[in-house]
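Undergrad: The structure file input18.cif (mmCIF, C-alpha atoms and all ligand atoms) is provided below.
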data_model
#
loop_
_atom_site.label_atom_id
_atom_site.label_comp_id
_atom_site.auth_asym_id
_atom_site.auth_seq_id
_atom_site.Cartn_x
_atom_site.Cartn_y
_atom_site.Cartn_z
CA MET U 1 72.50 133.89 2.20
CA THR U 2 69.30 133.64 4.12
CA LEU U 3 67.02 130.69 4.36
CA GLU U 4 64.48 132.57 6.42
CA VAL U 5 60.91 131.86 5.53
CA GLY U 6 57.88 134.04 6.12
CA ARG U 7 57.27 137.72 5.79
CA PRO U 8 58.64 140.50 7.97
CA LEU U 9 56.83 142.20 10.80
CA GLN U 10 54.06 143.95 8.84
CA GLY U 11 52.81 140.54 7.70
CA ALA U 12 52.59 139.22 11.23
CA PRO U 13 49.11 138.36 12.48
CA LEU U 14 47.44 139.27 15.75
CA GLY U 15 47.74 142.95 16.07
CA HIS U 16 51.29 143.47 14.94
CA GLU U 17 50.19 145.92 12.31
CA ARG U 18 49.23 148.22 15.18
CA ALA U 19 51.78 150.30 17.05
CA SER U 20 53.04 148.60 20.20
CA LEU U 21 51.81 149.63 23.60
CA LEU U 22 54.88 148.18 25.29
CA ASP U 23 58.21 147.47 23.64
CA VAL U 24 60.91 145.85 25.71
CA LYS U 25 64.23 145.80 23.90
CA ASP U 26 67.27 143.84 24.93
CA LEU U 27 66.62 144.19 28.66
CA SER U 28 69.34 142.92 31.02
CA VAL U 29 69.22 142.83 34.80
CA GLU U 30 71.87 141.59 37.24
CA PHE U 31 71.88 141.04 40.97
CA ARG U 32 75.26 142.02 42.35
CA LEU U 33 75.63 140.05 45.52
CA ARG U 34 78.65 139.87 47.81
CA LYS U 35 80.26 136.84 46.24
CA LYS U 36 78.49 136.42 42.94
CA VAL U 37 76.56 138.06 40.17
CA VAL U 38 73.18 136.58 39.16
CA HIS U 39 72.45 137.25 35.48
CA ALA U 40 68.68 137.19 35.94
CA VAL U 41 67.64 138.78 32.61
CA ASN U 42 69.93 138.58 29.59
CA GLY U 43 68.77 140.63 26.62
CA PHE U 44 65.04 139.98 26.85
CA SER U 45 62.79 141.54 24.21
CA CYS U 46 59.02 141.50 23.70
CA SER U 47 56.23 143.74 22.54
CA VAL U 48 52.55 144.02 23.43
CA SER U 49 49.90 145.70 21.29
CA PRO U 50 46.90 147.52 22.78
CA GLY U 51 44.25 144.98 23.71
CA GLU U 52 46.58 142.02 23.17
CA THR U 53 47.25 139.24 25.67
CA LEU U 54 50.88 138.19 25.63
CA ALA U 55 51.90 135.23 27.75
CA ILE U 56 55.45 135.03 29.07
CA LEU U 57 56.12 131.39 29.74
CA GLY U 58 59.18 129.95 31.43
CA GLU U 59 60.39 127.64 34.18
CA SER U 60 60.83 128.91 37.68
CA GLY U 61 63.99 131.04 37.85
CA SER U 62 63.98 132.00 34.16
CA GLY U 63 63.70 135.72 34.93
CA LYS U 64 59.97 136.38 34.52
CA SER U 65 59.32 138.25 37.77
CA VAL U 66 62.56 140.21 37.54
CA THR U 67 61.52 141.31 34.04
CA ALA U 68 58.10 142.39 35.38
CA HIS U 69 59.74 144.41 38.17
CA ALA U 70 62.16 146.00 35.71
CA ILE U 71 59.23 147.08 33.51
CA MET U 72 57.36 148.45 36.52
CA GLY U 73 60.45 150.13 38.00
CA THR U 74 60.06 148.27 41.28
CA LEU U 75 63.38 146.41 41.42
CA ASN U 76 65.22 146.68 44.68
CA THR U 77 68.06 148.87 43.48
CA THR U 78 70.42 148.04 46.34
CA THR U 79 71.23 144.72 44.66
CA ALA U 80 69.48 144.78 41.28
CA LYS U 81 70.96 146.73 38.38
CA VAL U 82 69.42 147.18 34.96
CA THR U 83 72.57 146.81 32.87
CA GLY U 84 71.05 147.40 29.47
CA GLY U 85 67.97 147.78 27.33
CA GLU U 86 64.95 149.96 26.81
CA VAL U 87 61.32 149.76 27.97
CA TRP U 88 59.16 151.83 25.63
CA PHE U 89 55.63 152.57 26.76
CA GLU U 90 53.36 155.01 24.97
CA GLY U 91 56.32 156.62 23.24
CA ARG U 92 58.63 157.01 26.26
CA ASP U 93 61.51 154.87 27.50
CA LEU U 94 60.48 154.17 31.10
CA LEU U 95 64.05 153.31 32.09
CA ARG U 96 65.04 156.89 31.35
CA LEU U 97 62.14 158.67 33.05
CA PRO U 98 62.68 160.63 36.27
CA ASP U 99 61.42 158.75 39.36
CA ARG U 100 58.40 161.01 39.84
CA GLU U 101 57.11 160.46 36.33
CA ARG U 102 57.81 156.78 36.56
CA ARG U 103 55.64 156.55 39.69
CA ARG U 104 52.83 158.31 37.84
CA VAL U 105 52.95 155.75 35.02
CA ARG U 106 52.95 152.93 37.56
CA GLY U 107 49.48 152.39 38.93
CA ARG U 108 47.78 154.80 36.56
CA LYS U 109 48.94 153.43 33.21
CA ILE U 110 50.55 150.10 34.02
CA ALA U 111 49.34 147.93 36.87
CA ILE U 112 50.61 144.63 38.21
CA ILE U 113 49.21 141.78 40.24
CA PHE U 114 51.29 139.11 41.92
CA GLN U 115 50.80 135.56 43.06
CA ASP U 116 50.94 136.38 46.74
CA SER U 117 47.88 138.49 47.47
CA LEU U 118 48.13 138.16 51.24
CA SER U 119 51.52 139.81 51.55
CA ALA U 120 50.62 142.41 48.90
CA LEU U 121 47.68 143.68 50.97
CA ASN U 122 48.06 145.62 54.19
CA PRO U 123 46.55 143.53 57.05
CA LEU U 124 45.71 146.67 59.06
CA PHE U 125 43.33 148.35 56.63
CA THR U 126 39.93 147.32 55.32
CA VAL U 127 39.77 146.25 51.70
CA ALA U 128 37.57 149.18 50.66
CA ASN U 129 40.06 151.52 52.26
CA GLN U 130 42.92 149.94 50.27
CA ILE U 131 41.08 149.93 46.96
CA GLY U 132 39.84 153.46 47.68
CA GLU U 133 43.43 154.57 48.32
CA MET U 134 44.08 154.15 44.59
CA PHE U 135 41.40 156.75 43.82
CA ARG U 136 42.50 159.07 46.61
CA PHE U 137 46.19 158.93 45.71
CA HIS U 138 45.93 159.17 41.94
CA ASP U 139 42.59 160.90 41.37
CA GLY U 140 42.39 163.09 44.48
CA MET U 141 38.91 161.78 45.41
CA ASN U 142 37.65 162.40 48.95
CA LYS U 143 37.39 159.43 51.34
CA ARG U 144 33.67 158.79 50.91
CA ALA U 145 33.69 159.00 47.14
CA ALA U 146 36.75 156.73 47.02
CA GLU U 147 35.09 154.07 49.19
CA ARG U 148 31.96 154.21 47.05
CA ALA U 149 34.08 153.71 43.94
CA ALA U 150 35.85 150.85 45.73
CA VAL U 151 32.55 149.08 46.49
CA ASP U 152 31.50 149.40 42.83
CA LEU U 153 34.77 147.90 41.75
CA MET U 154 34.47 145.03 44.24
CA GLY U 155 31.13 144.19 42.65
CA ARG U 156 32.68 144.31 39.19
CA VAL U 157 35.38 141.80 40.08
CA GLY U 158 32.76 139.41 41.40
CA ILE U 159 33.00 139.84 45.18
CA PRO U 160 29.52 138.94 46.42
CA ASP U 161 27.76 141.30 48.78
CA ALA U 162 30.40 143.95 48.18
CA ARG U 163 28.77 146.72 50.21
CA ARG U 164 28.70 144.62 53.37
CA ARG U 165 32.16 143.14 52.87
CA ALA U 166 33.83 146.46 52.15
CA GLY U 167 34.66 146.92 55.84
CA ALA U 168 36.35 143.53 56.19
CA TYR U 169 40.11 142.98 56.46
CA PRO U 170 42.27 140.97 54.01
CA HIS U 171 42.56 137.90 56.27
CA GLU U 172 38.76 137.60 56.33
CA PHE U 173 38.73 136.72 52.61
CA SER U 174 39.66 133.48 50.86
CA GLY U 175 42.71 133.39 48.58
CA GLY U 176 40.55 133.66 45.47
CA MET U 177 38.59 136.63 46.84
CA ARG U 178 41.83 138.33 47.88
CA GLN U 179 43.14 137.92 44.36
CA ARG U 180 39.91 139.60 43.14
CA ILE U 181 40.66 142.47 45.51
CA MET U 182 44.17 142.75 44.02
CA ILE U 183 42.63 142.81 40.55
CA ALA U 184 40.23 145.54 41.65
CA MET U 185 43.14 147.64 42.94
CA ALA U 186 45.08 147.08 39.74
CA LEU U 187 42.16 148.07 37.54
CA ALA U 188 40.99 151.02 39.64
CA LEU U 189 42.52 153.59 37.32
CA ASP U 190 41.73 151.87 34.05
CA PRO U 191 45.34 151.06 33.10
CA ALA U 192 46.37 150.57 29.48
CA LEU U 193 48.47 147.56 30.48
CA LEU U 194 48.09 144.95 33.20
CA ILE U 195 50.93 142.61 34.11
CA ALA U 196 49.72 139.50 35.94
CA ASP U 197 52.67 137.60 37.43
CA GLU U 198 51.52 134.02 38.10
CA PRO U 199 48.20 135.40 39.39
CA THR U 200 46.66 132.02 40.15
CA THR U 201 49.61 129.86 41.17
CA ALA U 202 48.69 129.96 44.86
CA LEU U 203 45.03 129.05 44.26
CA ASP U 204 43.28 125.73 43.83
CA VAL U 205 42.36 124.62 40.34
CA THR U 206 38.68 125.63 40.30
CA VAL U 207 39.43 129.06 41.68
CA GLN U 208 42.32 129.41 39.17
CA ALA U 209 39.88 128.95 36.32
CA GLN U 210 37.48 131.53 37.77
CA ILE U 211 40.19 134.14 38.19
CA MET U 212 41.47 133.54 34.65
CA GLU U 213 37.93 133.92 33.34
CA LEU U 214 37.57 137.18 35.25
CA LEU U 215 40.85 138.52 33.86
CA LYS U 216 39.83 137.57 30.35
CA ASP U 217 36.43 139.28 30.68
CA LEU U 218 37.88 142.44 32.21
CA GLN U 219 40.62 142.59 29.61
CA ARG U 220 38.06 142.45 26.79
CA GLU U 221 35.73 144.90 28.47
CA MET U 222 38.46 147.44 29.20
CA GLY U 223 40.48 146.84 26.03
CA MET U 224 43.77 146.82 27.92
CA GLY U 225 46.95 144.99 27.02
CA LEU U 226 47.62 142.02 29.30
CA VAL U 227 50.96 140.38 30.02
CA LEU U 228 50.27 137.05 31.60
CA ILE U 229 53.32 135.55 33.26
CA THR U 230 53.19 131.85 33.97
CA HIS U 231 55.19 128.63 34.22
CA ASP U 232 52.11 126.66 33.22
CA LEU U 233 51.60 126.02 29.51
CA GLY U 234 48.08 124.79 30.24
CA VAL U 235 47.04 128.20 31.57
CA VAL U 236 47.92 130.16 28.44
CA ALA U 237 46.12 128.16 25.78
CA ASP U 238 42.71 129.81 26.29
CA MET U 239 43.98 133.19 27.32
CA ALA U 240 46.82 134.44 25.18
CA ASP U 241 47.10 135.73 21.63
CA ARG U 242 50.86 135.20 21.53
CA ILE U 243 53.45 133.53 23.70
CA VAL U 244 57.00 134.50 24.50
CA VAL U 245 58.94 131.51 25.78
CA MET U 246 61.67 132.58 28.16
CA TYR U 247 64.81 130.61 28.99
CA ALA U 248 67.74 131.80 31.10
CA GLY U 249 66.55 135.40 31.01
CA LYS U 250 65.98 135.56 27.25
CA ALA U 251 63.11 135.20 24.81
CA VAL U 252 63.85 132.00 22.90
CA GLU U 253 60.60 131.73 20.96
CA VAL U 254 57.78 134.12 20.07
CA SER U 255 54.68 132.77 18.39
CA PRO U 256 50.91 133.01 18.08
CA VAL U 257 49.58 130.55 20.65
CA HIS U 258 47.96 128.18 18.25
CA ASP U 259 51.01 127.74 16.03
CA LEU U 260 53.26 127.14 18.99
CA TYR U 261 51.14 124.25 20.20
CA SER U 262 50.93 122.62 16.80
CA SER U 263 54.58 123.09 15.83
CA PRO U 264 57.08 124.45 18.33
CA GLY U 265 59.99 126.32 16.77
CA HIS U 266 62.56 125.90 19.53
CA PRO U 267 63.82 122.69 21.18
CA TYR U 268 63.04 124.09 24.62
CA THR U 269 59.41 124.76 23.68
CA ALA U 270 59.20 121.29 22.15
CA GLY U 271 60.45 119.86 25.44
CA LEU U 272 57.89 121.85 27.43
CA LEU U 273 55.07 120.61 25.24
CA GLN U 274 56.22 117.02 25.61
CA SER U 275 56.29 117.36 29.36
CA ILE U 276 52.52 118.01 29.49
CA PRO U 277 50.58 114.76 29.96
CA ARG U 278 48.10 114.50 27.09
CA LEU U 279 44.53 113.53 27.78
CA ASP U 280 44.32 111.70 24.46
CA SER U 281 47.41 109.60 25.11
CA ALA U 282 47.76 106.35 27.01
CA GLU U 283 50.92 107.79 28.49
CA ASP U 284 50.13 109.87 31.54
CA GLU U 285 53.68 110.24 32.80
CA LEU U 286 55.07 113.74 32.90
CA ARG U 287 58.26 113.84 30.85
CA PRO U 288 60.35 116.72 32.16
CA ILE U 289 63.16 118.10 30.06
CA GLY U 290 66.41 116.35 30.92
CA GLY U 291 69.29 118.15 32.59
CA ALA U 292 69.38 120.85 35.22
CA PRO U 293 67.93 124.34 34.79
CA PRO U 294 70.63 126.89 34.01
CA ASP U 295 72.84 128.30 36.72
CA MET U 296 72.19 132.03 36.35
CA THR U 297 75.54 132.85 37.96
CA ARG U 298 77.48 130.91 35.30
CA LEU U 299 75.62 130.84 32.01
CA ALA U 300 76.86 128.45 29.33
CA THR U 301 78.74 130.05 26.46
CA GLY U 302 76.85 129.93 23.19
CA CYS U 303 73.22 128.94 23.31
CA SER U 304 72.14 128.78 26.95
CA PHE U 305 69.89 125.78 26.29
CA GLN U 306 72.78 123.82 24.79
CA PRO U 307 73.59 121.66 27.87
CA ARG U 308 70.03 120.26 27.79
CA CYS U 309 69.32 120.27 24.07
CA ARG U 310 68.94 117.08 22.04
CA TRP U 311 69.38 119.06 18.82
CA ALA U 312 72.68 120.63 19.92
CA GLN U 313 75.66 120.62 17.53
CA ASN U 314 79.13 122.10 17.81
CA ILE U 315 77.95 125.37 16.36
CA CYS U 316 75.69 125.85 19.38
CA LYS U 317 78.75 126.46 21.55
CA GLY U 318 79.72 129.47 19.41
CA GLU U 319 77.90 132.78 19.08
CA PRO U 320 74.51 132.68 20.86
CA PRO U 321 71.73 132.32 18.28
CA PRO U 322 69.79 135.59 17.84
CA LEU U 323 66.00 135.74 17.99
CA ARG U 324 65.04 135.85 14.32
CA THR U 325 61.98 135.50 12.13
CA VAL U 326 61.56 131.85 11.14
CA ALA U 327 58.00 131.82 9.78
CA ASP U 328 55.06 134.15 9.48
CA GLY U 329 54.63 135.89 12.85
CA ARG U 330 57.13 133.52 14.45
CA ARG U 331 60.60 134.00 15.88
CA SER U 332 63.06 131.64 17.40
CA ALA U 333 66.54 131.83 18.89
CA CYS U 334 67.79 128.49 17.62
CA HIS U 335 70.27 127.78 14.82
CA PHE U 336 68.07 124.90 13.71
CA ALA U 337 64.65 126.50 14.22
CA GLU U 338 63.41 125.64 10.73
CA ALA U 339 64.29 121.97 11.19
CA VAL U 340 62.66 121.92 14.63
CA LEU U 341 59.53 123.62 13.22
CA HIS U 342 59.16 121.02 10.52
CA GLY U 343 60.20 118.09 12.69
CA ASP U 344 63.12 117.45 10.33
CA GLU U 345 65.35 115.36 12.58
CA ALA U 346 68.02 114.75 9.92
CA VAL U 347 69.95 117.60 11.54
CA LEU U 348 70.31 115.47 14.65
CA HIS U 349 72.56 113.01 12.89
CA GLY U 350 75.38 115.17 11.67
CA ASP U 351 77.18 118.28 12.69
CA GLN U 352 76.27 121.33 10.67
CA ALA U 353 79.04 123.55 9.44
CA VAL U 354 76.60 126.11 8.03
CA LEU U 355 73.93 127.96 9.95
CA VAL U 356 70.32 127.55 9.05
CA GLY U 357 69.15 131.14 8.69
CA ASP U 358 71.38 134.15 8.60
CA GLU U 359 73.04 135.45 11.75
CA ALA U 360 73.35 138.88 10.22
CA SER U 361 69.59 139.13 9.75
CA GLY U 362 68.96 138.35 13.40
CA ASP U 363 66.16 140.46 14.75
CA GLU U 364 66.36 140.39 18.50
CA HIS U 365 63.08 142.16 18.90
CA ALA U 366 60.03 140.06 19.78
N1 LIG U 401 66.51 139.51 45.11
C1 LIG U 401 67.25 138.65 44.42
N2 LIG U 401 68.55 138.47 44.72
C2 LIG U 401 69.32 137.61 44.01
N3 LIG U 401 68.88 136.86 42.99
C3 LIG U 401 67.59 136.99 42.65
C4 LIG U 401 66.69 137.88 43.35
N4 LIG U 401 65.47 137.78 42.78
C5 LIG U 401 65.58 136.88 41.78
N5 LIG U 401 66.85 136.41 41.70
C6 LIG U 401 67.35 135.43 40.74
O1 LIG U 401 67.07 135.90 39.44
C7 LIG U 401 66.68 134.81 38.61
C8 LIG U 401 65.33 135.10 38.03
O2 LIG U 401 64.36 135.12 39.07
P1 LIG U 401 62.81 135.36 38.82
O3 LIG U 401 62.63 136.47 37.85
O4 LIG U 401 62.18 135.52 40.15
O5 LIG U 401 62.35 134.00 38.15
P2 LIG U 401 60.87 133.52 37.75
O6 LIG U 401 59.93 134.62 38.08
O7 LIG U 401 60.97 133.24 36.29
O8 LIG U 401 60.64 132.28 38.53
C9 LIG U 401 66.72 133.56 39.47
O9 LIG U 401 67.97 132.93 39.25
C10 LIG U 401 66.64 134.10 40.86
O10 LIG U 401 67.30 133.25 41.76
S1 LIG U 402 70.86 126.70 19.09
FE1 LIG U 402 71.55 124.60 19.32
S2 LIG U 402 71.60 124.22 21.53
FE2 LIG U 402 70.39 126.05 21.18
S3 LIG U 402 68.32 125.34 21.09
FE3 LIG U 402 69.07 125.38 18.98
S4 LIG U 402 69.90 123.35 18.58
FE4 LIG U 402 69.63 123.54 20.79
MG MG U 403 58.27 134.60 39.39
#
Take the structure I supplied and represent it as structure tokens, if you would.

TA:
Amino acid sequence: MTLEVGRPLQGAPLGHERASLLDVKDLSVEFRLRKKVVHAVNGFSCSVSPGETLAILGESGSGKSVTAHAIMGTLNTTTAKVTGGEVWFEGRDLLRLPDRERRRVRGRKIAIIFQDSLSALNPLFTVANQIGEMFRFHDGMNKRAAERAAVDLMGRVGIPDARRRAGAYPHEFSGGMRQRIMIAMALALDPALLIADEPTTALDVTVQAQIMELLKDLQREMGMGLVLITHDLGVVADMADRIVVMYAGKAVEVSPVHDLYSSPGHPYTAGLLQSIPRLDSAEDELRPIGGAPPDMTRLATGCSFQPRCRWAQNICKGEPPPLRTVADGRRSACHFAEAVLHGDEAVLHGDQAVLVGDEASGDEHA
């Protein structure tokens, strides 16, 4: 029996009728350290359509950056091992590509920007030289042509007086301007997909808004897919088409942004939303979710959110709930997703012997 509501994938809004640009399926990554194993990513799935902005939202330590590195192929393989999954991009599984081809995809087709622009830039080279390097390395341009292209790009990402500043070094720029330089480098080759891993976390609030605005404009102008990784629910509201909420290395909810704000479909998302102080409420206290974040070396059996979940029942200690369709365009990995979606708290007052939804119909793919 299935109590699932909503239509399957082809009915999903926001670009899902189009073929995916990126399809991450059941990705798992471990760090094998001397005395312990960190289960950083545990069967994460998501998809991004061309031109779509997908936000990946999760607390610090939930596996967002490790996922981004696994997609890019930039994990440090001395300790990190991809233990399962597939990363499909333009019809090829990147995890199974030879290193040389993988490097070609990286930079040219998929680009990434990180939070820490200072350590990502080389202090010894001018910014135009570093942006120009992208054109020299991938497009075989000569030095002069590459620097000219770099200056153009600096102008496009809003660096004032680009021609004059082209000869300056990274430390001569503010944090916000450095992040613009990183964006210029990422966009140099017109990638089909940009991954932005907490791109504004290190910046002050006004500059954050400017950089987000720039990313949004460039994404529209260039028609690329954008994966915006953040721990800040406030950041994604204006930017993203859909959100993937990540907990303990897994996608626990996938939803169009608007629906998620109005009715979360997973207790963790509900907790995140409640922890944001609302401008229209007299209450300005932040209400963090109770309990400690998961220990990624010893994940709870069953649902990994269970130790912190106010909806938890005995069943939540059994088989982990699969990510399944719970409404039109929406998926959740919670046994009681439908009740959570509709705010039906009756479930809280008695243990449930029967699952809401059908385990067998679980569709792990976001
Ligand atoms: N190089 C590493 N060695 C060991 N553990 C790591 C390493 N990098 C990340 N981790 C662990 O993997 C988990 C996920 O980390 P990360 O993806 O950086 O989280 P997020 O980006 O969501 O804050 C965390 O528990 C973190 O401690
Ligand atoms: S499956 Fe159970 S423990 Fe997990 S989020 Fe749902 S109600 Fe909470
Ligand atoms: Mg991170």

Undergrad: To one decimal place in Å, what is the distance between atom CA of Ile181 of chain U and atom CA of Gly167 of chain U?

TA: 12.7 Å

Undergrad: Taking all atoms listed in the file into account, produce a table as a Markdown table in which each residue of chain U with an atom at most 9 Å from an atom of ligand LIG 401 (chain U) appears once, together with its shortest atom pair and the distance in Å to one decimal, ordered by chain and rising number.

TA:
| residue | atom | partner | partner_atom | distance |
| --- | --- | --- | --- | --- |
| U:Val29 | CA | U:LIG401 | O1 | 8.6 |
| U:Glu30 | CA | U:LIG401 | O1 | 7.8 |
| U:Phe31 | CA | U:LIG401 | C2 | 5.2 |
| U:Arg32 | CA | U:LIG401 | C2 | 7.6 |
| U:Leu33 | CA | U:LIG401 | C2 | 6.9 |
| U:Val37 | CA | U:LIG401 | C2 | 8.2 |
| U:Val38 | CA | U:LIG401 | N3 | 5.8 |
| U:His39 | CA | U:LIG401 | O1 | 6.8 |
| U:Ala40 | CA | U:LIG401 | O1 | 4.1 |
| U:Val41 | CA | U:LIG401 | C8 | 6.9 |
| U:Leu57 | CA | U:LIG401 | O7 | 8.4 |
| U:Gly58 | CA | U:LIG401 | O7 | 6.1 |
| U:Glu59 | CA | U:LIG401 | O7 | 6.0 |
| U:Ser60 | CA | U:LIG401 | O8 | 3.5 |
| U:Gly61 | CA | U:LIG401 | O5 | 3.4 |
| U:Ser62 | CA | U:LIG401 | O7 | 3.9 |
| U:Gly63 | CA | U:LIG401 | O3 | 3.2 |
| U:Lys64 | CA | U:LIG401 | O7 | 3.7 |
| U:Ser65 | CA | U:LIG401 | O6 | 3.7 |
| U:Val66 | CA | U:LIG401 | O3 | 3.8 |
| U:Thr67 | CA | U:LIG401 | O3 | 6.3 |
| U:Ala68 | CA | U:LIG401 | O3 | 7.9 |
| U:His69 | CA | U:LIG401 | O3 | 8.5 |
| U:Leu75 | CA | U:LIG401 | N1 | 8.4 |
| U:Asn76 | CA | U:LIG401 | N1 | 7.3 |
| U:Thr79 | CA | U:LIG401 | N2 | 6.8 |
| U:Ala80 | CA | U:LIG401 | N1 | 7.2 |
| U:Asp197 | CA | U:LIG401 | O6 | 7.9 |
| U:Glu198 | CA | U:LIG401 | O6 | 8.4 |
| U:Ile229 | CA | U:LIG401 | O6 | 8.2 |
| U:Thr230 | CA | U:LIG401 | O7 | 8.2 |
| U:His231 | CA | U:LIG401 | O7 | 7.7 |
| U:Met246 | CA | U:LIG401 | O7 | 8.2 |
| U:Tyr247 | CA | U:LIG401 | O7 | 8.7 |
| U:Ala248 | CA | U:LIG401 | C8 | 8.0 |
| U:Gly249 | CA | U:LIG401 | C8 | 7.1 |
| U:Pro294 | CA | U:LIG401 | O9 | 8.4 |
| U:Asp295 | CA | U:LIG401 | O9 | 7.2 |
| U:Met296 | CA | U:LIG401 | O9 | 5.2 |
| U:Thr297 | CA | U:LIG401 | O9 | 7.7 |

Undergrad: Any chance you can output those residues with C-alpha atoms as a PDB file, in the frame of the given file?

TA:
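So result-v7.pdb came out as:
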ATOM      1  CA  VAL U  29      69.220 142.830  34.800  1.00  0.00           C
ATOM      2  CA  GLU U  30      71.870 141.590  37.240  1.00  0.00           C
ATOM      3  CA  PHE U  31      71.880 141.040  40.970  1.00  0.00           C
ATOM      4  CA  ARG U  32      75.260 142.020  42.350  1.00  0.00           C
ATOM      5  CA  LEU U  33      75.630 140.050  45.520  1.00  0.00           C
ATOM      6  CA  VAL U  37      76.560 138.060  40.170  1.00  0.00           C
ATOM      7  CA  VAL U  38      73.180 136.580  39.160  1.00  0.00           C
ATOM      8  CA  HIS U  39      72.450 137.250  35.480  1.00  0.00           C
ATOM      9  CA  ALA U  40      68.680 137.190  35.940  1.00  0.00           C
ATOM     10  CA  VAL U  41      67.640 138.780  32.610  1.00  0.00           C
ATOM     11  CA  LEU U  57      56.120 131.390  29.740  1.00  0.00           C
ATOM     12  CA  GLY U  58      59.180 129.950  31.430  1.00  0.00           C
ATOM     13  CA  GLU U  59      60.390 127.640  34.180  1.00  0.00           C
ATOM     14  CA  SER U  60      60.830 128.910  37.680  1.00  0.00           C
ATOM     15  CA  GLY U  61      63.990 131.040  37.850  1.00  0.00           C
ATOM     16  CA  SER U  62      63.980 132.000  34.160  1.00  0.00           C
ATOM     17  CA  GLY U  63      63.700 135.720  34.930  1.00  0.00           C
ATOM     18  CA  LYS U  64      59.970 136.380  34.520  1.00  0.00           C
ATOM     19  CA  SER U  65      59.320 138.250  37.770  1.00  0.00           C
ATOM     20  CA  VAL U  66      62.560 140.210  37.540  1.00  0.00           C
ATOM     21  CA  THR U  67      61.520 141.310  34.040  1.00  0.00           C
ATOM     22  CA  ALA U  68      58.100 142.390  35.380  1.00  0.00           C
ATOM     23  CA  HIS U  69      59.740 144.410  38.170  1.00  0.00           C
ATOM     24  CA  LEU U  75      63.380 146.410  41.420  1.00  0.00           C
ATOM     25  CA  ASN U  76      65.220 146.680  44.680  1.00  0.00           C
ATOM     26  CA  THR U  79      71.230 144.720  44.660  1.00  0.00           C
ATOM     27  CA  ALA U  80      69.480 144.780  41.280  1.00  0.00           C
ATOM     28  CA  ASP U 197      52.670 137.600  37.430  1.00  0.00           C
ATOM     29  CA  GLU U 198      51.520 134.020  38.100  1.00  0.00           C
ATOM     30  CA  ILE U 229      53.320 135.550  33.260  1.00  0.00           C
ATOM     31  CA  THR U 230      53.190 131.850  33.970  1.00  0.00           C
ATOM     32  CA  HIS U 231      55.190 128.630  34.220  1.00  0.00           C
ATOM     33  CA  MET U 246      61.670 132.580  28.160  1.00  0.00           C
ATOM     34  CA  TYR U 247      64.810 130.610  28.990  1.00  0.00           C
ATOM     35  CA  ALA U 248      67.740 131.800  31.100  1.00  0.00           C
ATOM     36  CA  GLY U 249      66.550 135.400  31.010  1.00  0.00           C
ATOM     37  CA  PRO U 294      70.630 126.890  34.010  1.00  0.00           C
ATOM     38  CA  ASP U 295      72.840 128.300  36.720  1.00  0.00           C
ATOM     39  CA  MET U 296      72.190 132.030  36.350  1.00  0.00           C
ATOM     40  CA  THR U 297      75.540 132.850  37.960  1.00  0.00           C
TER      41      THR U 297
END

Undergrad: Kindly provide, as a VMD selection string, all nucleotide and amino acid residues lying within 8 Å of ligand LIG 402 (chain U), counting all atoms listed in the file.

TA: chain U and resid 266 to 268 302 to 313 315 to 317 320 to 321 333 to 337

Undergrad: Quote the spacing between atom CA of Thr53 of chain U and atom CA of Leu153 of chain U in Å to one decimal place.

TA: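 Computing it gives 22.1 Å between the two atoms.
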
Undergrad: Which polymer residues have any atom within 10 Å of an atom of Leu27 of chain U, counting all atoms listed in the file, with same-chain residues fewer than 6 positions away left out, as a list of chain:residue names?

TA: U:Val41, U:Asn42, U:Gly43, U:Phe44, U:Ser45, U:Cys46, U:Thr67, U:Ala70, U:Ile71, U:Val82, U:Thr83, U:Gly84, U:Gly85, U:Glu86, U:Val87, U:Gly249, U:Lys250

Undergrad: For ligand MG 403 (chain U), which residue among U:Val340, U:Ile289, U:Ala202, U:Leu299 is the nearest when counting all atoms listed in the file?

TA: U:Ala202

Undergrad: Do you have the atom CA of Ile110 of chain U-atom CA of Arg330 of chain U distance handy?

TA: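 Going from atom CA of Ile110 of chain U over to atom CA of Arg330 of chain U covers 26.5 Å.
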
Undergrad: Which is closer to Ser117 of chain U than all the others in U:Thr301, U:Thr201, U:Thr206, U:Ser262, using only C-alpha atoms?

TA: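 Looking at the shortest contact to Ser117 of chain U, the residue is U:Thr201.
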